[in-house]
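Asks: Have a look at this one.
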Amino acid sequence: MVDGRSRKMNIVRATKVWLGISSVMVVVSLVVSFTFRYNLGIDFAGGTALEVETGSATTYQLPEGQNLNQYFTATYKEATGQEVIIQSAGSSERFILRSKAITNDQKNAWITEAKKGVPSLAELQFTSVSPTVGADVVRKAILAVIVAMLAILLYLAYAFRKVPKPTNSWRFGVTAVAALLAHDVIILLGIYSLLSHFFGAEIDSMFITALLTLLGFSVHDTIVTYDRLRENLIKRGAADFEQTVNDSIVETITRSINTTFTLVLVLLAMTLMGGRTTFFFTLSLLIGVVLGTYSSIFVASPLLLMWQKSADRQKSV
């Protein structure tokens, strides 16, 4: 029996529209990802990141004709033998110095030298990773994403093993993973490439954490809809699969949107108030949560429906 909400809201009728929108976003994201290079963080590329605080400018004793950047660049080269890139760390007194990997002794030598001109200089954070270690981290990060995808696929195939025919549990698993990989992950990477190119966002371990969190949240949202679909299929049978899919989406869409909205409020507050250190991490989570909710409603279930229709057509031939 179809309730009033299902008559008013027919989401699957516009399946081609939803998938068309997603396809455009995916293509644009792929183009953007291959056009702009990502900034790899110290975790992946190797190198050194040294965050320092200089204190009040009135205490500087710089050589005549040099500003602070020039002074830091010259003394860093002298103490470590490396060229350095200096970035503001969110205030006029905090800076991040990036270079090829240096040792702790080289870092201390530079601080000692730099304090001659900036007596109030203080070290806040020092990270140094060799290129070999960075390459190993990249491999492990890619492996973590692949393992997560396979684990999700196998779990869904097992969890929905009792779904009634004519569909089967593997279709549930494959379409959920396809929505994750071909939609959420690719679009997030496309957006992040823009953030990387224009705003200096880096691909680092925190971004991989955000990506894995996205996988978990998105598949959770998809499971809610799929679980309702399984219940409805058991009750009604699969005679009108399209209507059953639509009803299942309608019955769970309010819960999905409300859950996402409350999480978005928290992540938005963290993004705006959390500071530079966590800004791109929480922003990635925020974007990923929105993408995951969209794909759970407008991508995963429509993909399942299209696959089922294709299987039915093949049987009727």
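Within each chain, counting starts at residue 1; across the structure tokens, chains are named A, B, ... in the order shown, with ligands numbered 1 upward in that order.
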Which residues are near Ala57 (chain A)? Cut-off 10 Å, only C-alpha atoms, ignore same chain within fewer than 5 positions. Put them as a VMD selection string.
Replies: chain A and resid 68 92 to 93 118 120
Asks: Per DSSP on the backbone, filter region 50-205 of chain A down to the residues in helix (DSSP H, G or I) and report them as a PyMOL selection string.
Replies: chain A and resi 57-59+68-80+104-114+131-159+169-199+205
Asks: For the residues selected in the previous step, produce a file with C-alpha atoms as a PDB file, in the first residue's frame.
Replies:
ATOM      1  CA  ALA A  57      58.306  43.225  16.269  1.00  0.00           C
ATOM      2  CA  THR A  58      59.739  45.897  18.581  1.00  0.00           C
ATOM      3  CA  THR A  59      62.273  43.332  19.872  1.00  0.00           C
ATOM      4  CA  LEU A  68      61.980  39.220   8.773  1.00  0.00           C
ATOM      5  CA  ASN A  69      61.448  36.896   5.784  1.00  0.00           C
ATOM      6  CA  GLN A  70      64.816  37.779   4.299  1.00  0.00           C
ATOM      7  CA  TYR A  71      66.499  37.299   7.664  1.00  0.00           C
ATOM      8  CA  PHE A  72      64.914  33.898   8.231  1.00  0.00           C
ATOM      9  CA  THR A  73      65.727  32.793   4.678  1.00  0.00           C
ATOM     10  CA  ALA A  74      69.389  33.789   4.974  1.00  0.00           C
ATOM     11  CA  THR A  75      69.973  32.306   8.424  1.00  0.00           C
ATOM     12  CA  TYR A  76      68.107  29.090   7.577  1.00  0.00           C
ATOM     13  CA  LYS A  77      70.269  28.574   4.485  1.00  0.00           C
ATOM     14  CA  GLU A  78      73.406  29.247   6.503  1.00  0.00           C
ATOM     15  CA  ALA A  79      72.470  26.904   9.389  1.00  0.00           C
ATOM     16  CA  THR A  80      70.914  24.008   7.453  1.00  0.00           C
ATOM     17  CA  ASN A 104      66.980  18.149  14.941  1.00  0.00           C
ATOM     18  CA  ASP A 105      70.525  19.456  15.387  1.00  0.00           C
ATOM     19  CA  GLN A 106      70.237  21.556  12.227  1.00  0.00           C
ATOM     20  CA  LYS A 107      66.939  22.951  13.458  1.00  0.00           C
ATOM     21  CA  ASN A 108      68.448  23.865  16.813  1.00  0.00           C
ATOM     22  CA  ALA A 109      71.409  25.483  15.073  1.00  0.00           C
ATOM     23  CA  TRP A 110      69.068  27.681  13.047  1.00  0.00           C
ATOM     24  CA  ILE A 111      67.025  28.710  16.106  1.00  0.00           C
ATOM     25  CA  THR A 112      70.218  29.671  17.924  1.00  0.00           C
ATOM     26  CA  GLU A 113      71.354  31.747  14.952  1.00  0.00           C
ATOM     27  CA  ALA A 114      67.926  33.295  14.335  1.00  0.00           C
ATOM     28  CA  PRO A 131      61.127  11.040   1.449  1.00  0.00           C
ATOM     29  CA  THR A 132      61.366   7.266   1.946  1.00  0.00           C
ATOM     30  CA  VAL A 133      59.061   7.354   4.947  1.00  0.00           C
ATOM     31  CA  GLY A 134      56.713   9.694   3.069  1.00  0.00           C
ATOM     32  CA  ALA A 135      56.438   7.260   0.143  1.00  0.00           C
ATOM     33  CA  ASP A 136      55.665   4.442   2.572  1.00  0.00           C
ATOM     34  CA  VAL A 137      52.897   6.530   4.164  1.00  0.00           C
ATOM     35  CA  VAL A 138      51.374   7.129   0.703  1.00  0.00           C
ATOM     36  CA  ARG A 139      51.270   3.385   0.007  1.00  0.00           C
ATOM     37  CA  LYS A 140      49.699   2.655   3.379  1.00  0.00           C
ATOM     38  CA  ALA A 141      47.107   5.416   2.930  1.00  0.00           C
ATOM     39  CA  ILE A 142      46.056   4.067  -0.480  1.00  0.00           C
ATOM     40  CA  LEU A 143      45.956   0.542   0.949  1.00  0.00           C
ATOM     41  CA  ALA A 144      43.796   1.738   3.856  1.00  0.00           C
ATOM     42  CA  VAL A 145      41.218   3.201   1.463  1.00  0.00           C
ATOM     43  CA  ILE A 146      41.184   0.041  -0.698  1.00  0.00           C
ATOM     44  CA  VAL A 147      40.834  -2.242   2.337  1.00  0.00           C
ATOM     45  CA  ALA A 148      38.011  -0.063   3.685  1.00  0.00           C
ATOM     46  CA  MET A 149      36.172  -0.281   0.357  1.00  0.00           C
ATOM     47  CA  LEU A 150      36.534  -4.064   0.162  1.00  0.00           C
ATOM     48  CA  ALA A 151      35.477  -4.482   3.790  1.00  0.00           C
ATOM     49  CA  ILE A 152      32.365  -2.378   3.184  1.00  0.00           C
ATOM     50  CA  LEU A 153      31.496  -4.399   0.072  1.00  0.00           C
ATOM     51  CA  LEU A 154      31.886  -7.748   1.847  1.00  0.00           C
ATOM     52  CA  TYR A 155      29.990  -6.557   4.915  1.00  0.00           C
ATOM     53  CA  LEU A 156      27.025  -5.314   2.876  1.00  0.00           C
ATOM     54  CA  ALA A 157      26.954  -8.485   0.792  1.00  0.00           C
ATOM     55  CA  TYR A 158      26.792 -10.494   4.030  1.00  0.00           C
ATOM     56  CA  ALA A 159      24.382  -8.181   5.896  1.00  0.00           C
ATOM     57  CA  SER A 169      22.952  -8.901  -1.683  1.00  0.00           C
ATOM     58  CA  TRP A 170      25.912  -8.304  -4.013  1.00  0.00           C
ATOM     59  CA  ARG A 171      23.945  -5.653  -5.879  1.00  0.00           C
ATOM     60  CA  PHE A 172      23.354  -3.855  -2.598  1.00  0.00           C
ATOM     61  CA  GLY A 173      27.061  -3.973  -1.782  1.00  0.00           C
ATOM     62  CA  VAL A 174      28.370  -3.014  -5.216  1.00  0.00           C
ATOM     63  CA  THR A 175      26.001  -0.065  -5.672  1.00  0.00           C
ATOM     64  CA  ALA A 176      26.801   1.280  -2.192  1.00  0.00           C
ATOM     65  CA  VAL A 177      30.557   1.091  -2.869  1.00  0.00           C
ATOM     66  CA  ALA A 178      30.092   2.577  -6.358  1.00  0.00           C
ATOM     67  CA  ALA A 179      28.270   5.543  -4.829  1.00  0.00           C
ATOM     68  CA  LEU A 180      31.128   5.952  -2.355  1.00  0.00           C
ATOM     69  CA  LEU A 181      34.014   5.618  -4.778  1.00  0.00           C
ATOM     70  CA  ALA A 182      32.642   6.989  -8.050  1.00  0.00           C
ATOM     71  CA  HIS A 183      30.779   9.862  -6.413  1.00  0.00           C
ATOM     72  CA  ASP A 184      31.816  10.866  -2.884  1.00  0.00           C
ATOM     73  CA  VAL A 185      35.554  10.182  -3.070  1.00  0.00           C
ATOM     74  CA  ILE A 186      36.121  11.555  -6.579  1.00  0.00           C
ATOM     75  CA  ILE A 187      34.111  14.737  -5.993  1.00  0.00           C
ATOM     76  CA  LEU A 188      35.805  15.367  -2.642  1.00  0.00           C
ATOM     77  CA  LEU A 189      39.205  14.931  -4.318  1.00  0.00           C
ATOM     78  CA  GLY A 190      38.162  17.381  -7.043  1.00  0.00           C
ATOM     79  CA  ILE A 191      37.075  20.003  -4.531  1.00  0.00           C
ATOM     80  CA  TYR A 192      40.223  19.443  -2.492  1.00  0.00           C
ATOM     81  CA  SER A 193      42.406  19.948  -5.547  1.00  0.00           C
ATOM     82  CA  LEU A 194      40.890  23.439  -5.887  1.00  0.00           C
ATOM     83  CA  LEU A 195      41.485  24.093  -2.196  1.00  0.00           C
ATOM     84  CA  SER A 196      45.030  22.819  -2.620  1.00  0.00           C
ATOM     85  CA  HIS A 197      45.735  24.989  -5.681  1.00  0.00           C
ATOM     86  CA  PHE A 198      44.142  28.235  -4.527  1.00  0.00           C
ATOM     87  CA  PHE A 199      44.319  28.070  -0.720  1.00  0.00           C
ATOM     88  CA  SER A 205      47.278  12.082   7.203  1.00  0.00           C
TER      89      SER A 205
END
Asks: Could you check which of A:Leu303, A:Ala210, A:Leu121, A:Ile234 is closest to Leu283 (chain A), using only C-alpha atoms?
Replies: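 For Leu283 (chain A), the nearest of the candidates is A:Ala210.
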Asks: What are the DSSP strand (DSSP E) residues of region 57-232 of chain A, as a PyMOL selection string?
Replies: chain A and resi 85-88+94-99+122-129+202-203
Asks: Could the residues in this selection be saved with C-alpha atoms as a PDB file, in the first residue's frame?
Replies:
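For reference, out27.pdb as written:
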ATOM      1  CA  ILE A  85      59.546  28.581   2.122  1.00  0.00           C
ATOM      2  CA  ILE A  86      58.018  30.804   4.801  1.00  0.00           C
ATOM      3  CA  GLN A  87      54.251  30.953   5.341  1.00  0.00           C
ATOM      4  CA  SER A  88      52.105  32.867   7.791  1.00  0.00           C
ATOM      5  CA  ARG A  94      53.476  32.909  13.808  1.00  0.00           C
ATOM      6  CA  PHE A  95      55.218  31.376  10.808  1.00  0.00           C
ATOM      7  CA  ILE A  96      55.686  27.945   9.257  1.00  0.00           C
ATOM      8  CA  LEU A  97      59.043  27.249   7.610  1.00  0.00           C
ATOM      9  CA  ARG A  98      59.081  24.429   5.042  1.00  0.00           C
ATOM     10  CA  SER A  99      62.141  22.849   3.461  1.00  0.00           C
ATOM     11  CA  ALA A 122      60.113  30.346  20.130  1.00  0.00           C
ATOM     12  CA  GLU A 123      59.661  26.918  18.546  1.00  0.00           C
ATOM     13  CA  LEU A 124      56.045  25.701  18.526  1.00  0.00           C
ATOM     14  CA  GLN A 125      56.157  22.538  16.421  1.00  0.00           C
ATOM     15  CA  PHE A 126      58.764  20.623  14.452  1.00  0.00           C
ATOM     16  CA  THR A 127      58.009  17.799  11.992  1.00  0.00           C
ATOM     17  CA  SER A 128      60.594  16.161   9.773  1.00  0.00           C
ATOM     18  CA  VAL A 129      59.935  13.156   7.533  1.00  0.00           C
ATOM     19  CA  GLU A 202      47.600  19.758   1.782  1.00  0.00           C
ATOM     20  CA  ILE A 203      47.017  16.056   1.282  1.00  0.00           C
TER      21      ILE A 203
END
Asks: Would you kindly return, as an MDAnalysis selection string, each protein, DNA or RNA residue with an atom no farther than 9 Å from any atom of Glu251 (chain A), considering only C-alpha atoms and excluding same-chain residues fewer than 2 positions away?
Replies: chainID A and resid 5:6 225 228 246:249 253:255
Asks: Just checking: using only C-alpha atoms, which residue out of A:Leu50, A:Ala14, A:Ser256, A:Glu64 ends up closest to Ala89 (chain A)?
Replies: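 Answer, going by the shortest atom-to-atom distance: A:Leu50.
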Asks: Can you pull out every residue within 12 Å of Asp221 (chain A), counting only C-alpha atoms, but drop anything in the same chain fewer than 3 positions away, and send it as number ranges by chain?
Replies: A: 176, 179-180, 214-218, 224-228, 249, 252-260, 289-301
Asks: Could you write out that same residue set with N, CA and C atoms as a short mmCIF file (atom, residue, chain, number, x, y, z; two decimals), in the first residue's frame?
Replies:
data_model
loop_
_atom_site.label_atom_id
_atom_site.label_comp_id
_atom_site.auth_asym_id
_atom_site.auth_seq_id
_atom_site.Cartn_x
_atom_site.Cartn_y
_atom_site.Cartn_z
N ALA A 176 26.40 0.42 -3.31
CA ALA A 176 26.80 1.28 -2.19
C ALA A 176 28.25 1.71 -2.34
N ALA A 179 28.66 4.19 -5.23
CA ALA A 179 28.27 5.54 -4.83
C ALA A 179 29.37 6.20 -4.00
N LEU A 180 30.03 5.42 -3.16
CA LEU A 180 31.13 5.95 -2.36
C LEU A 180 32.31 6.36 -3.21
N LEU A 214 34.51 9.83 5.98
CA LEU A 214 33.46 10.00 4.98
C LEU A 214 32.92 8.65 4.53
N LEU A 215 33.80 7.69 4.28
CA LEU A 215 33.36 6.37 3.85
C LEU A 215 32.42 5.74 4.88
N GLY A 216 32.81 5.86 6.14
CA GLY A 216 31.98 5.28 7.19
C GLY A 216 30.63 5.96 7.32
N PHE A 217 30.63 7.30 7.26
CA PHE A 217 29.36 8.02 7.41
C PHE A 217 28.45 7.76 6.22
N SER A 218 28.98 7.82 5.02
CA SER A 218 28.16 7.68 3.83
C SER A 218 27.54 6.29 3.76
N VAL A 224 20.92 2.61 6.09
CA VAL A 224 19.60 2.93 6.65
C VAL A 224 18.52 2.78 5.58
N THR A 225 18.79 3.34 4.39
CA THR A 225 17.83 3.24 3.29
C THR A 225 17.70 1.80 2.79
N TYR A 226 18.84 1.14 2.61
CA TYR A 226 18.82 -0.24 2.13
C TYR A 226 18.13 -1.19 3.10
N ASP A 227 18.30 -0.94 4.39
CA ASP A 227 17.66 -1.81 5.38
C ASP A 227 16.14 -1.66 5.33
N ARG A 228 15.68 -0.42 5.14
CA ARG A 228 14.24 -0.21 4.99
C ARG A 228 13.74 -0.86 3.70
N ILE A 249 13.11 5.14 0.23
CA ILE A 249 13.83 6.42 0.29
C ILE A 249 13.01 7.47 1.03
N THR A 252 12.89 7.15 4.81
CA THR A 252 14.13 7.38 5.57
C THR A 252 14.77 8.73 5.28
N ILE A 253 14.26 9.48 4.32
CA ILE A 253 14.93 10.70 3.89
C ILE A 253 14.94 11.77 4.99
N THR A 254 13.85 11.85 5.76
CA THR A 254 13.79 12.85 6.83
C THR A 254 14.85 12.56 7.89
N ARG A 255 14.99 11.29 8.24
CA ARG A 255 16.01 10.91 9.23
C ARG A 255 17.41 11.25 8.71
N SER A 256 17.67 10.94 7.45
CA SER A 256 18.99 11.20 6.88
C SER A 256 19.32 12.69 6.87
N ILE A 257 18.36 13.49 6.44
CA ILE A 257 18.59 14.93 6.36
C ILE A 257 18.76 15.54 7.75
N ASN A 258 17.93 15.12 8.71
CA ASN A 258 18.04 15.65 10.07
C ASN A 258 19.37 15.29 10.71
N THR A 259 19.80 14.04 10.51
CA THR A 259 21.09 13.60 11.05
C THR A 259 22.23 14.42 10.44
N THR A 260 22.17 14.60 9.14
CA THR A 260 23.20 15.37 8.45
C THR A 260 23.21 16.82 8.91
N VAL A 289 30.38 14.96 4.34
CA VAL A 289 29.09 14.60 4.94
C VAL A 289 27.94 14.97 4.01
N VAL A 290 28.02 16.16 3.41
CA VAL A 290 26.99 16.60 2.48
C VAL A 290 26.96 15.69 1.25
N LEU A 291 28.15 15.38 0.70
CA LEU A 291 28.23 14.49 -0.45
C LEU A 291 27.68 13.10 -0.12
N GLY A 292 28.03 12.60 1.07
CA GLY A 292 27.59 11.27 1.47
C GLY A 292 26.09 11.17 1.60
N THR A 293 25.46 12.21 2.14
CA THR A 293 24.01 12.21 2.27
C THR A 293 23.35 12.25 0.90
N TYR A 294 23.87 13.09 0.02
CA TYR A 294 23.32 13.18 -1.34
C TYR A 294 23.42 11.83 -2.05
N SER A 295 24.59 11.20 -1.98
CA SER A 295 24.77 9.95 -2.70
C SER A 295 23.91 8.82 -2.11
N SER A 296 23.70 8.83 -0.81
CA SER A 296 22.87 7.80 -0.18
C SER A 296 21.44 7.86 -0.69
N ILE A 297 20.95 9.08 -0.92
CA ILE A 297 19.56 9.26 -1.34
C ILE A 297 19.42 9.21 -2.86
N PHE A 298 20.30 9.92 -3.56
CA PHE A 298 20.09 10.16 -4.98
C PHE A 298 21.03 9.38 -5.91
N VAL A 299 21.94 8.60 -5.34
CA VAL A 299 22.87 7.85 -6.20
C VAL A 299 22.80 6.35 -5.93
N ALA A 300 22.99 5.92 -4.69
CA ALA A 300 23.07 4.49 -4.38
C ALA A 300 21.78 3.75 -4.74
N SER A 301 20.65 4.24 -4.21
CA SER A 301 19.38 3.55 -4.49
C SER A 301 18.99 3.61 -5.97
#
Asks: What does the distance from CA of Glu242 (chain A) to CA of Trp307 (chain A) come to in Å, to one decimal?
Replies: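 Straight-line distance from CA of Glu242 (chain A) to CA of Trp307 (chain A) works out to 11.3 Å.
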Asks: What's the separation between CA of Met270 (chain A) and CA of Ile208 (chain A), in Å to one decimal place?
Replies: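 Distance reported for this atom pair: 18.2 Å.
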Asks: From the list A:Val17, A:Val28, A:Ile287, A:Leu229, which residue is nearest Val250 (chain A) when using only C-alpha atoms?
Replies: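 The answer is A:Leu229, which sits nearest to Val250 (chain A).
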Asks: Which residue gives the smallest distance to Lys115 (chain A) among A:Ser130, A:Thr54, A:Val163, A:Thr262, with only C-alpha atoms counted?
Replies: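 For Lys115 (chain A), the nearest of the candidates is A:Thr54.
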Asks: Could you check the closest approach to Ser284 (chain A) for each of A:Gln314, A:Thr213, A:Ser23, A:Gln308 and tell me which residue wins, using only C-alpha atoms?
Replies: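 Residue with the minimum atom-to-atom distance to Ser284 (chain A): A:Thr213.
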Asks: Using only C-alpha atoms, pick whichever of A:Met25, A:Val245, A:Ala239, A:Val84 has the shortest atom-to-atom distance to Pro302 (chain A).
Replies: A:Val245
Asks: In Å to one decimal, how far is CA of Thr222 (chain A) from CA of Leu263 (chain A)?
Replies: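 About the pair CA of Leu263 (chain A) and CA of Thr222 (chain A): they are 16.3 Å apart.
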